[in-house]
Amino acid sequence: MKGTFRMRKLFFTVMAVAVAALVMSGADWPTQSGSPQRDGWARAEKAFTRENAHKIELLYKYKADNQARGLRALTSPMINGMLITYLGFKEMLFFGGSGDNVYAVDADLNRMIWKTHFDYKGDKPLASPTATCPGGLTASLAMPGSSSAAGGRGLGAAPGRSGLFATGFGRSGIFIAVSADGYLHALNTSTGGDKVPPVKFIPPNSSAGPLIVNEGVIYTATTDNCGGKPNAVYALDMSGGEGKLSSFAADASGIAAGTDGTICVQTKDGLHALTRDLQAKESFKATDGGSAASPAASPMASPMVFQWKGKDAVVWGNLHLLYSGTDAPSRTETTAHSPLTFASWEDAPDGPRWVYAAAENSVEGFNVEDRNGSPVLKSVWKAGKGGDSMVTANGLLFLLSGGKAPGGKATLRVLDGLTGKELYSWSAAAYAHDAGLAIANRRIYFTDHSNTVYCLGFMAEQPQLTGR
């Protein structure tokens with residue numbers, strides 16, 4: 001009888017732990033910049049503070065067997081915070097490699113779970129790599145979802161639709177990759193195998209930007225006219241059964257999704273607002289609503305969407321701000337900048353909305369202020385040293401600069417988001433082209449050109465890595 005009681009107690013204890021693990025499932029970093037809105041906000045991350053940032057240290061390095069092509073090696077890392085796999089509950093670190101590889105690593109234990117290699121099946125031969133057209137896998141991976149609870153409707157199909165994102169795959173069922181031959185793959189998170197047959201998406205040998213997923217549609221933009229095809233934005237709607245492909249001809253530096261499904265596309269000439277299937281809605285030139293002397297939009301940065309008073313605001317180009325909350329979309333501008341990346345967060349519940357813009361040699365912090373019912377950006381601080389990727393978490397600004405390729409070193413810096421004061425700095429072994437940061441569940445991740453993933457955090461909080 002006592003043995004039976006002990007067994008029952010053990011059973012319920014195990015079940016309680018399992019249920020708690022599900023309820024307290026980890027945060028995700030599902031796409032480059034954290035969400036389809038590209039706001040870079042790791043909303044759930046509270047472990048890093050102004051007081052302990054200087055104690056951040058390297059937890060581990062993962063060396064992938066990928067072969068670099070031109071300036072490309074590994075894509076930006078992504079995190080799925082809680083997966084139920086054949087190996088049990090796992091937090092998964094996943095990323096692509098230029099050699100047409102996708103890797104899934106146990107983020108807690110620094111051990112490979114699976115690797116998938118794509119065999120090239122394009123209607124043209126695999127191109128030899130160059131600096132601008134490397135061939136291979138170039139687009140950062142993605143999965144449905146957002147790092148921010150207020151980050152729009154990235155997860156699942158649009159209302160009233162079915163298809164790939166409404167067939168039980170859900171939050172944790174697929175990783176999305178685009179191989180060198182232009183096919184989109186929806187990979188089983190447990191095994192790395194294709195869950196559905198690959199779907200033709202972009203021209204083979206394209207140089208593609210980060211993937212975003214919004215309302216069951218996957219988006220990317222091609223650059224540098226690689227593969228012998230003009231640059232364009234592509235959308236593959238997988239929410240209604242068979243994939244429906246759309247495109248919009250543009251030299252796009254980046255794309256972001258509004259919370260109403262509007263797709264914002266930045267080019268050197270301005271900003272284009274498109275429908276979910278890439279039909280033109282409205283365009284805004286860099287000089288619309290501002291000074292005729294305003295410089296053209298930055299050719300590198302992606303637009304960023306955030307909510308202000310319940311409506312979408314878009315930051316783009318040389319710090320132009322477009323707001324949809326008035327009867328007619330309004331525009332405000334600050335002084336000329338050439339940002340490479342944006343990020344934002346809100347000091348809730350009553351604090352200000354912050355917007356950050358990083359250029360090659362500087363980063364600047366702004367508050368969003370009300371001017372006659374429209375938002376404007378007011379500069380609060382500016383600091384030297386810029387970066388290519390930013391993440392905000394718990395009032396801190398994490399800034400990654402890729403280093404000047406080749407020969408440079410990717411460098412992570414942590415700044416006080418309220419003042420711009422530098423709190424921490426750490427450099428990797430090599431440079432990182434198209435560098436991207438991921439932060440989730442008390443850990444920081446990025447990759448470099450040596451085919452290495454770096455994971456940083458607090459070793460004292462990682463007993464599984466120390467044997468204690």
# chains A, B, ... in the order shown; residues from 1 in each chain; ligands from 1
$ residues_around --residues "stretch 372-387 of chain A" --least-positions-apart "5" --cutoff "7 Å" --atoms "only C-alpha atoms" --output "PyMOL selection string"
chain A and resi 323+332+334+358-367+399-401+419-420
$ select_by_dssp --residues "stretch 270-433 of chain A" --states "strand (DSSP E or B)" --output "PyMOL selection string"
chain A and resi 270-274+280-285+304-308+311-316+320-323+330-333+341-346+353-358+362-371+374-384+389-393+396-401+411-416+422-427
$ closest_residue --among "A:Gln67, A:Asn394, A:Thr223, A:Ser35" --to "A:Thr452" --atoms "only C-alpha atoms"
A:Gln67
$ closest_residue --among "A:Ala252, A:Ile176, A:Leu321, A:Ile212" --to "A:Asn231" --atoms "only C-alpha atoms"
A:Ala252
$ atom_distance --atom1 "atom CA of A:Ile79" --atom2 "atom CA of A:Ala104"
9.6 Å
$ atom_distance --atom1 "atom CA of A:Ala127" --atom2 "atom CA of A:Asp181"
10.0 Å
$ residues_around --residues "A:Asp388" --least-positions-apart "3" --cutoff "12 Å" --atoms "only C-alpha atoms" --output "MDAnalysis selection string"
chainID A and resid 32:33 76 300:302 338:343 357:363 385 391 398:404 410:413 431:437 446
$ residues_around --residues "A:Asn110" --least-positions-apart "3" --cutoff "9 Å" --atoms "only C-alpha atoms" --output "list in words"
Tyr60, Lys61, Tyr62, Leu93, Val105, Asp106, Ala107 and Leu465 of chain A
$ closest_residue --among "A:Met459, A:Ala42, A:Ala235, A:Ala131" --to "A:Arg72" --atoms "only C-alpha atoms"
A:Ala131
$ atom_distance --atom1 "atom CA of A:Thr392" --atom2 "atom CA of A:Pro30"
15.3 Å
$ residues_around --residues "A:Ile202" --least-positions-apart "3" --cutoff "8 Å" --atoms "only C-alpha atoms" --output "MDAnalysis selection string"
chainID A and resid 182:183 206 234
$ closest_residue --among "A:Ala348, A:Val199, A:Ala273, A:Ala405" --to "A:Pro303" --atoms "only C-alpha atoms"
A:Ala273
